[in-house]
Amino acid sequence: MTLTVSPVGADYVAEISGVDLSRPLDPATVDAIVKASDKYAVLVFHDQPLTDEELVNFGATFGPLDVGLQEKLMKKVQDRYSSAAISDISNVDATSGDVADRQHKQAIMNVGNRFWHSDSSYDKHPYRYSILTAKTAASKGGATEYADLRSAYDSLDDDTKALIADKVATFYSHFTRQWLGIEDRPEDRRVFPPVRWPMVRTHPGSGRKVLWCDSKVCEISGMSIPEGRALAHELIEHIGQRENVYAHYWKPHDVVMYDNRSVLHRGRRFDMTERREMRRVATVDDSTALEQAPLSAATPADLLAAQ
């Protein structure tokens with residue numbers, strides 16, 4: 001079969017057909033998918049009923065997979081899946097196999113995913129590609145929305161581009177959890193201490209500048225805490241303007257591969273009493289363009305306590 005790339009609405013999303021993701025991919029196909037990702041950032045594959053092993057093998061084709069998130073952040077025993085590289089993005093209690101109670105970590109995680117974010121922006125080893133697949137989709141709602149960080153930078157006014165040109169943002173994994181009223185223990189907060197990234201970066205594959213800001217940003221260098229957080233909120237609103245958002249409404253066996261260096265995403269609300277099972281693998285980014293920025297001059301006391 002011949003791989004076909006078909007743009008979908010937004011100029012950063014494409015549907016990919018003519019490839020069976022359950023089988024090993026030849027180098028030419030891998031190269032074509034990487035090139036398509038560099039251009040479109042969000043790639044949609046339909047009707048790909050992958051086993052756990054096949055999902056892991058497909059992800060590993062594009063680089064080393066992260067294997068620590070579930071253990072480090074969710075404190076989750078991998079008894080549902082055959083590989084620690086698979087992240088459970090479902091609302092299912094792993095112990096009982098039933099839909100999780102609203103106070104369960106899995107349910108809380110689904111709520112936290114409704115904020116605009118890039119997977120693992122809060123880690124010193126962030127993700128390059130995330131590959132998400134649906135086993136059981138919500139009957140209503142539950143879409144995943146994507147917003148392009150390259151076009152978001154391009155459409156900034158000149159004054160804002162100048163303002164953020166040399167700014168460094170602090171990303172903190174527990175920032176949105178604090179918004180949600182979740183009181184994590186100090187030992188939990190130390191698992192992912194704050195990291196700092198430049199707010200303007202260049203995407204290696206496309207050569208385009210990227211506006212790097214998401215819901216994990218709790219501080220911006222050279223600004224007071226309130227001023228920095230207000231600016232982050234303003235930038236996230238800019239990134240997520242309705243006309244610039246692609247919404248993917250899941251069907252079972254859909255696979256979406258997205259470049260975390262180019263897009264933000266968020267989950268949308270659905271009936272949490274209804275079973276929704278998603279699985280994800282992610283490749284660790286090894287790009288030298290993502291080296292840590294220097295520490296900013298001021299760090300909030302709550303972040304210092306977490307280090």
# chains A, B, ... in the order shown; residues from 1 in each chain; ligands from 1
call {"tool": "residues_around", "arguments": {"residues": "stretch 83-86 of chain A", "least_positions_apart": "5", "cutoff": "6 Å", "atoms": "only C-alpha atoms", "output": "number ranges by chain"}}
result
A: 66-67, 280-281
call {"tool": "residues_around", "arguments": {"residues": "A:Ala60", "least_positions_apart": "3", "cutoff": "10 Å", "atoms": "only C-alpha atoms", "output": "PyMOL selection string"}}
result
chain A and resi 54-57+63-66+85+281-283
call {"tool": "closest_residue", "arguments": {"among": "A:Met199, A:Leu43, A:Val284, A:Met278", "to": "A:Thr160", "atoms": "only C-alpha atoms"}}
result
A:Met199
call {"tool": "closest_residue", "arguments": {"among": "A:Pro126, A:Gly59, A:Gly18, A:Gly207", "to": "A:Asp38", "atoms": "only C-alpha atoms"}}
result
A:Gly207
call {"tool": "closest_residue", "arguments": {"among": "A:Thr61, A:Ser139, A:Ser215, A:Ser224", "to": "A:Lys251", "atoms": "only C-alpha atoms"}}
result
A:Ser139
call {"tool": "closest_atom_pairs", "arguments": {"of": "stretch 71-159 of chain A", "to": "stretch 45-53 of chain A", "cutoff": "12 Å", "atoms": "only C-alpha atoms", "output": "tab-separated table"}}
result
residue	atom	partner	partner_atom	distance
A:Arg80	CA	A:Asp52	CA	10.2
A:Tyr81	CA	A:Asp52	CA	7.0
A:Ser82	CA	A:Asp52	CA	6.7
A:Ser83	CA	A:Asp52	CA	7.5
A:Ala84	CA	A:Asp52	CA	10.5
A:Ala85	CA	A:Asp52	CA	9.7
A:Ile86	CA	A:Asp52	CA	7.8
A:Ser87	CA	A:Asp52	CA	10.8
A:Asp88	CA	A:Asp52	CA	11.4
A:Ile131	CA	A:Phe45	CA	10.4
A:Leu132	CA	A:Phe45	CA	10.3
A:Thr133	CA	A:Leu50	CA	8.4
A:Ala134	CA	A:Pro49	CA	9.0
A:Lys135	CA	A:Pro49	CA	8.2
A:Thr136	CA	A:Pro49	CA	11.3
call {"tool": "residues_around", "arguments": {"residues": "stretch 96-102 of chain A", "least_positions_apart": "6", "cutoff": "9 Å", "atoms": "only C-alpha atoms", "output": "list in words"}}
result
Arg80, Ser90, Ile108, Met272, Thr273, Glu274, Arg275 and Arg276 of chain A
call {"tool": "select_by_dssp", "arguments": {"residues": "stretch 49-188 of chain A", "states": "alpha helix (DSSP H)", "output": "PDB file with C-alpha atoms, in the first residue's frame"}}
result
ATOM      1  CA  ASP A  52      -0.698  -3.235  23.377  1.00  0.00           C
ATOM      2  CA  GLU A  53       2.412  -4.768  21.841  1.00  0.00           C
ATOM      3  CA  GLU A  54       1.679  -3.276  18.428  1.00  0.00           C
ATOM      4  CA  LEU A  55       1.102   0.174  19.935  1.00  0.00           C
ATOM      5  CA  VAL A  56       4.431  -0.004  21.760  1.00  0.00           C
ATOM      6  CA  ASN A  57       6.256  -1.247  18.657  1.00  0.00           C
ATOM      7  CA  PHE A  58       4.788   1.523  16.500  1.00  0.00           C
ATOM      8  CA  GLY A  59       5.803   4.199  19.019  1.00  0.00           C
ATOM      9  CA  ALA A  60       9.316   2.773  19.428  1.00  0.00           C
ATOM     10  CA  LEU A  69       5.179   8.488  33.974  1.00  0.00           C
ATOM     11  CA  LYS A 105      -6.843   9.442  40.505  1.00  0.00           C
ATOM     12  CA  GLN A 106      -7.942   8.322  37.047  1.00  0.00           C
ATOM     13  CA  ALA A 107     -11.040  10.525  37.152  1.00  0.00           C
ATOM     14  CA  ILE A 108      -9.046  13.486  38.467  1.00  0.00           C
ATOM     15  CA  MET A 109      -6.477  13.000  35.705  1.00  0.00           C
ATOM     16  CA  ASN A 110      -9.240  13.212  33.099  1.00  0.00           C
ATOM     17  CA  VAL A 111     -10.391  16.531  34.569  1.00  0.00           C
ATOM     18  CA  GLY A 112      -6.816  17.847  34.665  1.00  0.00           C
ATOM     19  CA  LEU A 149       2.021  26.727  18.498  1.00  0.00           C
ATOM     20  CA  ARG A 150       3.795  27.768  15.300  1.00  0.00           C
ATOM     21  CA  SER A 151       0.877  29.672  13.813  1.00  0.00           C
ATOM     22  CA  ALA A 152       0.186  31.030  17.308  1.00  0.00           C
ATOM     23  CA  TYR A 153       3.631  32.624  17.336  1.00  0.00           C
ATOM     24  CA  ASP A 154       3.289  33.892  13.751  1.00  0.00           C
ATOM     25  CA  ASP A 158       5.084  42.697  17.203  1.00  0.00           C
ATOM     26  CA  ASP A 159       4.963  44.155  20.726  1.00  0.00           C
ATOM     27  CA  THR A 160       4.168  40.771  22.263  1.00  0.00           C
ATOM     28  CA  LYS A 161       6.861  39.066  20.200  1.00  0.00           C
ATOM     29  CA  ALA A 162       9.359  41.589  21.539  1.00  0.00           C
ATOM     30  CA  LEU A 163       8.080  41.156  25.100  1.00  0.00           C
ATOM     31  CA  ILE A 164       8.571  37.377  25.183  1.00  0.00           C
ATOM     32  CA  PHE A 175       0.389  23.818  39.191  1.00  0.00           C
ATOM     33  CA  THR A 176      -2.923  22.778  37.612  1.00  0.00           C
ATOM     34  CA  ARG A 177      -3.430  20.203  40.353  1.00  0.00           C
ATOM     35  CA  GLN A 178      -3.347  23.079  42.816  1.00  0.00           C
ATOM     36  CA  TRP A 179      -6.038  24.832  40.758  1.00  0.00           C
ATOM     37  CA  PRO A 186       5.825  17.027  49.480  1.00  0.00           C
ATOM     38  CA  GLU A 187       7.331  13.744  48.307  1.00  0.00           C
ATOM     39  CA  ASP A 188       4.889  13.690  45.382  1.00  0.00           C
TER      40      ASP A 188
END
call {"tool": "residues_around", "arguments": {"residues": "stretch 230-241 of chain A", "least_positions_apart": "4", "cutoff": "7 Å", "atoms": "only C-alpha atoms", "output": "list in words"}}
result
Ala147, Leu149, Ala152, Cys213, Asp214, Val217, Pro226 and Val245 of chain A
call {"tool": "write_last_selection", "arguments": {"atoms": "C-alpha atoms", "output": "compact mmCIF listing (two decimals), in the first residue's frame"}}
result
# COMPACT_ATOMS: atom_id res chain seq x y z
CA ALA A 147 -3.86 24.09 18.68
CA LEU A 149 2.02 26.73 18.50
CA ALA A 152 0.19 31.03 17.31
CA CYS A 213 3.38 28.31 26.89
CA ASP A 214 0.76 26.09 28.49
CA VAL A 217 3.40 27.86 33.44
CA PRO A 226 0.77 37.82 39.21
CA VAL A 245 -8.49 24.70 16.99
call {"tool": "select_by_dssp", "arguments": {"residues": "stretch 197-283 of chain A", "states": "strand (DSSP E or B)", "output": "PyMOL selection string"}}
result
chain A and resi 197-198+200-202+209-211+217-220+245-248+255-259+263-267+270+277-283
call {"tool": "closest_residue", "arguments": {"among": "A:Asp20, A:Val30, A:Arg208, A:Ala137", "to": "A:His253", "atoms": "only C-alpha atoms"}}
result
A:Ala137
call {"tool": "residues_around", "arguments": {"residues": "A:Thr29", "least_positions_apart": "6", "cutoff": "12 Å", "atoms": "only C-alpha atoms", "output": "MDAnalysis selection string"}}
result
chainID A and resid 1:5 16:21 23 35:36 58 61:62
call {"tool": "write_last_selection", "arguments": {"atoms": "all heavy atoms", "output": "CSV table (one decimal), in the first residue's frame"}}
result
chain,number,residue,atom,x,y,z
A,1,MET,N,0.8,-1.2,0.0
A,1,MET,CA,0.0,0.0,0.0
A,1,MET,C,0.9,1.2,0.0
A,1,MET,O,2.0,1.2,0.5
A,1,MET,CB,-0.9,0.0,1.2
A,1,MET,CG,-2.0,-1.1,1.2
A,1,MET,SD,-3.1,-1.0,2.6
A,1,MET,CE,-2.1,-1.4,4.0
A,2,THR,N,0.3,2.3,-0.5
A,2,THR,CA,1.0,3.6,-0.6
A,2,THR,C,0.5,4.6,0.4
A,2,THR,O,-0.7,4.8,0.5
A,2,THR,CB,0.9,4.2,-2.0
A,2,THR,OG1,1.4,3.3,-3.0
A,2,THR,CG2,1.7,5.5,-2.1
A,3,LEU,N,1.4,5.1,1.2
A,3,LEU,CA,0.9,6.1,2.2
A,3,LEU,C,0.4,7.4,1.6
A,3,LEU,O,1.1,7.9,0.7
A,3,LEU,CB,2.1,6.4,3.2
A,3,LEU,CG,1.8,7.3,4.4
A,3,LEU,CD1,2.7,6.9,5.6
A,3,LEU,CD2,2.2,8.8,4.0
A,4,THR,N,-0.7,7.8,2.1
A,4,THR,CA,-1.4,9.0,1.5
A,4,THR,C,-1.6,10.0,2.7
A,4,THR,O,-2.1,9.6,3.7
A,4,THR,CB,-2.7,8.7,0.9
A,4,THR,OG1,-2.5,7.7,-0.2
A,4,THR,CG2,-3.4,9.9,0.3
A,5,VAL,N,-1.2,11.3,2.4
A,5,VAL,CA,-1.4,12.4,3.4
A,5,VAL,C,-2.5,13.3,2.9
A,5,VAL,O,-2.3,13.9,1.8
A,5,VAL,CB,-0.1,13.1,3.6
A,5,VAL,CG1,-0.2,14.2,4.6
A,5,VAL,CG2,1.1,12.2,4.0
A,16,ILE,N,-3.8,10.2,7.6
A,16,ILE,CA,-2.9,9.3,7.0
A,16,ILE,C,-3.5,8.0,6.7
A,16,ILE,O,-4.1,7.4,7.5
A,16,ILE,CB,-1.6,9.1,7.9
A,16,ILE,CG1,-1.0,10.4,8.3
A,16,ILE,CG2,-0.6,8.2,7.1
A,16,ILE,CD1,-0.5,11.3,7.2
A,17,SER,N,-3.5,7.6,5.4
A,17,SER,CA,-4.1,6.3,5.0
A,17,SER,C,-3.0,5.5,4.2
A,17,SER,O,-1.9,6.0,3.9
A,17,SER,CB,-5.3,6.5,4.2
A,17,SER,OG,-5.1,7.3,3.0
A,18,GLY,N,-3.4,4.3,3.9
A,18,GLY,CA,-2.4,3.4,3.1
A,18,GLY,C,-1.3,2.8,3.9
A,18,GLY,O,-0.3,2.4,3.4
A,19,VAL,N,-1.5,2.7,5.3
A,19,VAL,CA,-0.5,2.1,6.1
A,19,VAL,C,-1.1,1.3,7.2
A,19,VAL,O,-2.2,1.7,7.7
A,19,VAL,CB,0.5,3.2,6.7
A,19,VAL,CG1,-0.3,4.2,7.6
A,19,VAL,CG2,1.6,2.6,7.5
A,20,ASP,N,-0.6,0.1,7.5
A,20,ASP,CA,-1.0,-0.7,8.6
A,20,ASP,C,-0.1,-0.6,9.8
A,20,ASP,O,1.0,-1.1,9.7
A,20,ASP,CB,-1.1,-2.2,8.1
A,20,ASP,CG,-1.6,-3.1,9.1
A,20,ASP,OD1,-1.9,-2.7,10.3
A,20,ASP,OD2,-1.8,-4.3,8.8
A,21,LEU,N,-0.5,0.1,10.8
A,21,LEU,CA,0.4,0.4,12.0
A,21,LEU,C,0.7,-0.8,12.8
A,21,LEU,O,1.5,-0.8,13.6
A,21,LEU,CB,-0.3,1.5,12.8
A,21,LEU,CG,-0.6,2.8,12.2
A,21,LEU,CD1,-1.1,3.8,13.2
A,21,LEU,CD2,0.6,3.3,11.4
A,23,ARG,N,1.9,-3.5,11.7
A,23,ARG,CA,3.0,-4.2,11.1
A,23,ARG,C,4.3,-3.3,11.2
A,23,ARG,O,4.2,-2.1,11.2
A,23,ARG,CB,2.7,-4.6,9.6
A,23,ARG,CG,1.5,-5.4,9.5
A,23,ARG,CD,1.1,-5.6,8.0
A,23,ARG,NE,2.1,-6.2,7.2
A,23,ARG,CZ,2.1,-6.5,5.9
A,23,ARG,NH1,1.0,-6.0,5.2
A,23,ARG,NH2,3.0,-7.1,5.3
A,35,LYS,N,8.2,13.3,8.1
A,35,LYS,CA,8.1,14.5,7.3
A,35,LYS,C,6.6,15.1,7.4
A,35,LYS,O,6.5,16.3,7.4
A,35,LYS,CB,8.5,14.2,5.8
A,35,LYS,CG,10.0,14.0,5.7
A,35,LYS,CD,10.3,13.7,4.2
A,35,LYS,CE,11.8,13.6,4.0
A,35,LYS,NZ,12.2,13.2,2.6
A,36,ALA,N,5.7,14.2,7.3
A,36,ALA,CA,4.3,14.7,7.5
A,36,ALA,C,4.0,15.3,8.8
A,36,ALA,O,3.4,16.4,8.9
A,36,ALA,CB,3.3,13.5,7.3
A,58,PHE,N,4.9,0.4,17.4
A,58,PHE,CA,4.8,1.5,16.5
A,58,PHE,C,5.4,2.8,17.1
A,58,PHE,O,6.2,3.5,16.4
A,58,PHE,CB,3.3,1.8,16.2
A,58,PHE,CG,3.1,3.0,15.4
A,58,PHE,CD1,3.6,3.2,14.2
A,58,PHE,CD2,2.3,4.1,16.0
A,58,PHE,CE1,3.3,4.4,13.4
A,58,PHE,CE2,2.1,5.2,15.2
A,58,PHE,CZ,2.6,5.4,14.0
A,61,THR,N,9.3,2.9,17.0
A,61,THR,CA,9.8,3.1,15.7
A,61,THR,C,10.4,4.6,15.6
A,61,THR,O,11.3,4.8,14.8
A,61,THR,CB,8.7,3.0,14.6
A,61,THR,OG1,8.2,1.6,14.7
A,61,THR,CG2,9.3,3.2,13.2
A,62,PHE,N,9.8,5.5,16.4
A,62,PHE,CA,10.2,6.9,16.3
A,62,PHE,C,11.1,7.4,17.4
A,62,PHE,O,11.4,8.6,17.5
A,62,PHE,CB,8.9,7.8,16.2
A,62,PHE,CG,8.0,7.4,15.1
A,62,PHE,CD1,7.0,6.5,15.2
A,62,PHE,CD2,8.3,7.9,13.8
A,62,PHE,CE1,6.2,6.1,14.2
A,62,PHE,CE2,7.5,7.6,12.7
A,62,PHE,CZ,6.4,6.6,12.9
call {"tool": "atom_distance", "arguments": {"atom1": "atom CA of A:Val210", "atom2": "atom CA of A:Met223"}}
result
20.9 Å
call {"tool": "residues_around", "arguments": {"residues": "A:Tyr122", "least_positions_apart": "3", "cutoff": "7 Å", "atoms": "only C-alpha atoms", "output": "PyMOL selection string"}}
result
chain A and resi 171-173+194-195+216
call {"tool": "write_last_selection", "arguments": {"atoms": "N, CA and C atoms", "output": "compact mmCIF listing (two decimals), in the first residue's frame"}}
result
# COMPACT_ATOMS: atom_id res chain seq x y z
N PHE A 171 7.69 25.84 34.23
CA PHE A 171 6.62 24.85 34.08
C PHE A 171 6.66 23.93 35.30
N TYR A 172 5.50 23.71 35.90
CA TYR A 172 5.45 22.92 37.12
C TYR A 172 4.30 21.94 37.04
N SER A 173 4.59 20.66 37.21
CA SER A 173 3.59 19.61 36.99
C SER A 173 2.39 19.74 37.91
N PRO A 194 10.10 21.90 39.34
CA PRO A 194 9.89 22.88 38.26
C PRO A 194 11.04 22.86 37.25
N VAL A 195 10.71 23.10 35.99
CA VAL A 195 11.71 23.22 34.92
C VAL A 195 11.48 24.55 34.20
N LYS A 216 0.79 24.73 32.55
CA LYS A 216 1.74 24.42 33.61
C LYS A 216 2.63 25.62 33.96
call {"tool": "closest_residue", "arguments": {"among": "A:Ser221, A:Asp93, A:Ser206, A:Asp148", "to": "A:Ser118", "atoms": "only C-alpha atoms"}}
result
A:Asp148
call {"tool": "atom_distance", "arguments": {"atom1": "atom CA of A:Val13", "atom2": "atom CA of A:Lys124"}}
result
27.3 Å
call {"tool": "atom_distance", "arguments": {"atom1": "atom CA of A:Leu156", "atom2": "atom CA of A:Val42"}}
result
21.7 Å
call {"tool": "decode", "arguments": {"residues": "stretch 23-51 of chain A", "atoms": "N, CA and C atoms", "output": "mmCIF file, in the first residue's frame"}}
result
data_model
loop_
_atom_site.group_PDB
_atom_site.id
_atom_site.type_symbol
_atom_site.label_atom_id
_atom_site.label_comp_id
_atom_site.auth_asym_id
_atom_site.auth_seq_id
_atom_site.Cartn_x
_atom_site.Cartn_y
_atom_site.Cartn_z
ATOM 1 N N ARG A 23 1.908 -3.520 11.686
ATOM 2 C CA ARG A 23 3.044 -4.214 11.081
ATOM 3 C C ARG A 23 4.292 -3.343 11.153
ATOM 4 N N PRO A 24 5.492 -3.952 11.154
ATOM 5 C CA PRO A 24 6.729 -3.157 11.120
ATOM 6 C C PRO A 24 6.758 -2.261 9.891
ATOM 7 N N LEU A 25 7.224 -1.037 10.072
ATOM 8 C CA LEU A 25 7.247 -0.074 8.971
ATOM 9 C C LEU A 25 8.626 -0.029 8.335
ATOM 10 N N ASP A 26 8.649 0.062 7.025
ATOM 11 C CA ASP A 26 9.934 0.178 6.335
ATOM 12 C C ASP A 26 10.459 1.601 6.484
ATOM 13 N N PRO A 27 11.763 1.809 6.289
ATOM 14 C CA PRO A 27 12.363 3.134 6.490
ATOM 15 C C PRO A 27 11.706 4.240 5.682
ATOM 16 N N ALA A 28 11.284 3.949 4.471
ATOM 17 C CA ALA A 28 10.669 4.985 3.637
ATOM 18 C C ALA A 28 9.345 5.454 4.244
ATOM 19 N N THR A 29 8.572 4.518 4.785
ATOM 20 C CA THR A 29 7.292 4.888 5.405
ATOM 21 C C THR A 29 7.526 5.688 6.674
ATOM 22 N N VAL A 30 8.500 5.261 7.485
ATOM 23 C CA VAL A 30 8.834 6.010 8.702
ATOM 24 C C VAL A 30 9.241 7.430 8.343
ATOM 25 N N ASP A 31 10.084 7.572 7.331
ATOM 26 C CA ASP A 31 10.534 8.899 6.912
ATOM 27 C C ASP A 31 9.364 9.751 6.425
ATOM 28 N N ALA A 32 8.427 9.138 5.715
ATOM 29 C CA ALA A 32 7.268 9.877 5.210
ATOM 30 C C ALA A 32 6.382 10.349 6.365
ATOM 31 N N ILE A 33 6.234 9.528 7.406
ATOM 32 C CA ILE A 33 5.424 9.926 8.557
ATOM 33 C C ILE A 33 6.100 11.060 9.316
ATOM 34 N N VAL A 34 7.417 10.984 9.494
ATOM 35 C CA VAL A 34 8.148 12.057 10.181
ATOM 36 C C VAL A 34 8.027 13.364 9.412
ATOM 37 N N LYS A 35 8.177 13.314 8.105
ATOM 38 C CA LYS A 35 8.066 14.521 7.291
ATOM 39 C C LYS A 35 6.644 15.091 7.358
ATOM 40 N N ALA A 36 5.652 14.208 7.347
ATOM 41 C CA ALA A 36 4.269 14.681 7.461
ATOM 42 C C ALA A 36 4.049 15.335 8.813
ATOM 43 N N SER A 37 4.631 14.755 9.869
ATOM 44 C CA SER A 37 4.492 15.330 11.208
ATOM 45 C C SER A 37 5.173 16.690 11.300
ATOM 46 N N ASP A 38 6.335 16.834 10.682
ATOM 47 C CA ASP A 38 7.022 18.123 10.702
ATOM 48 C C ASP A 38 6.176 19.213 10.054
ATOM 49 N N LYS A 39 5.398 18.825 9.057
ATOM 50 C CA LYS A 39 4.574 19.810 8.363
ATOM 51 C C LYS A 39 3.242 20.022 9.073
ATOM 52 N N TYR A 40 2.569 18.925 9.459
ATOM 53 C CA TYR A 40 1.197 19.033 9.950
ATOM 54 C C TYR A 40 1.059 18.932 11.466
ATOM 55 N N ALA A 41 2.001 18.314 12.145
ATOM 56 C CA ALA A 41 2.040 18.220 13.618
ATOM 57 C C ALA A 41 1.020 17.242 14.206
ATOM 58 N N VAL A 42 -0.177 17.156 13.656
ATOM 59 C CA VAL A 42 -1.198 16.228 14.141
ATOM 60 C C VAL A 42 -1.573 15.287 12.993
ATOM 61 N N LEU A 43 -1.310 13.986 13.194
ATOM 62 C CA LEU A 43 -1.596 12.982 12.172
ATOM 63 C C LEU A 43 -2.671 12.034 12.680
ATOM 64 N N VAL A 44 -3.696 11.830 11.878
ATOM 65 C CA VAL A 44 -4.849 11.004 12.270
ATOM 66 C C VAL A 44 -4.870 9.731 11.423
ATOM 67 N N PHE A 45 -4.888 8.577 12.095
ATOM 68 C CA PHE A 45 -4.992 7.275 11.437
ATOM 69 C C PHE A 45 -6.303 6.634 11.893
ATOM 70 N N HIS A 46 -7.143 6.255 10.962
ATOM 71 C CA HIS A 46 -8.412 5.616 11.301
ATOM 72 C C HIS A 46 -8.301 4.095 11.179
ATOM 73 N N ASP A 47 -9.185 3.395 11.897
ATOM 74 C CA ASP A 47 -9.329 1.936 11.774
ATOM 75 C C ASP A 47 -8.009 1.211 11.952
ATOM 76 N N GLN A 48 -7.372 1.462 13.093
ATOM 77 C CA GLN A 48 -6.104 0.805 13.420
ATOM 78 C C GLN A 48 -6.258 0.078 14.767
ATOM 79 N N PRO A 49 -6.857 -1.118 14.777
ATOM 80 C CA PRO A 49 -7.079 -1.849 16.032
ATOM 81 C C PRO A 49 -5.791 -2.491 16.549
ATOM 82 N N LEU A 50 -5.011 -1.720 17.288
ATOM 83 C CA LEU A 50 -3.699 -2.171 17.734
ATOM 84 C C LEU A 50 -3.765 -2.900 19.073
ATOM 85 N N THR A 51 -3.000 -3.970 19.190
ATOM 86 C CA THR A 51 -2.783 -4.585 20.493
ATOM 87 C C THR A 51 -1.800 -3.710 21.271
#
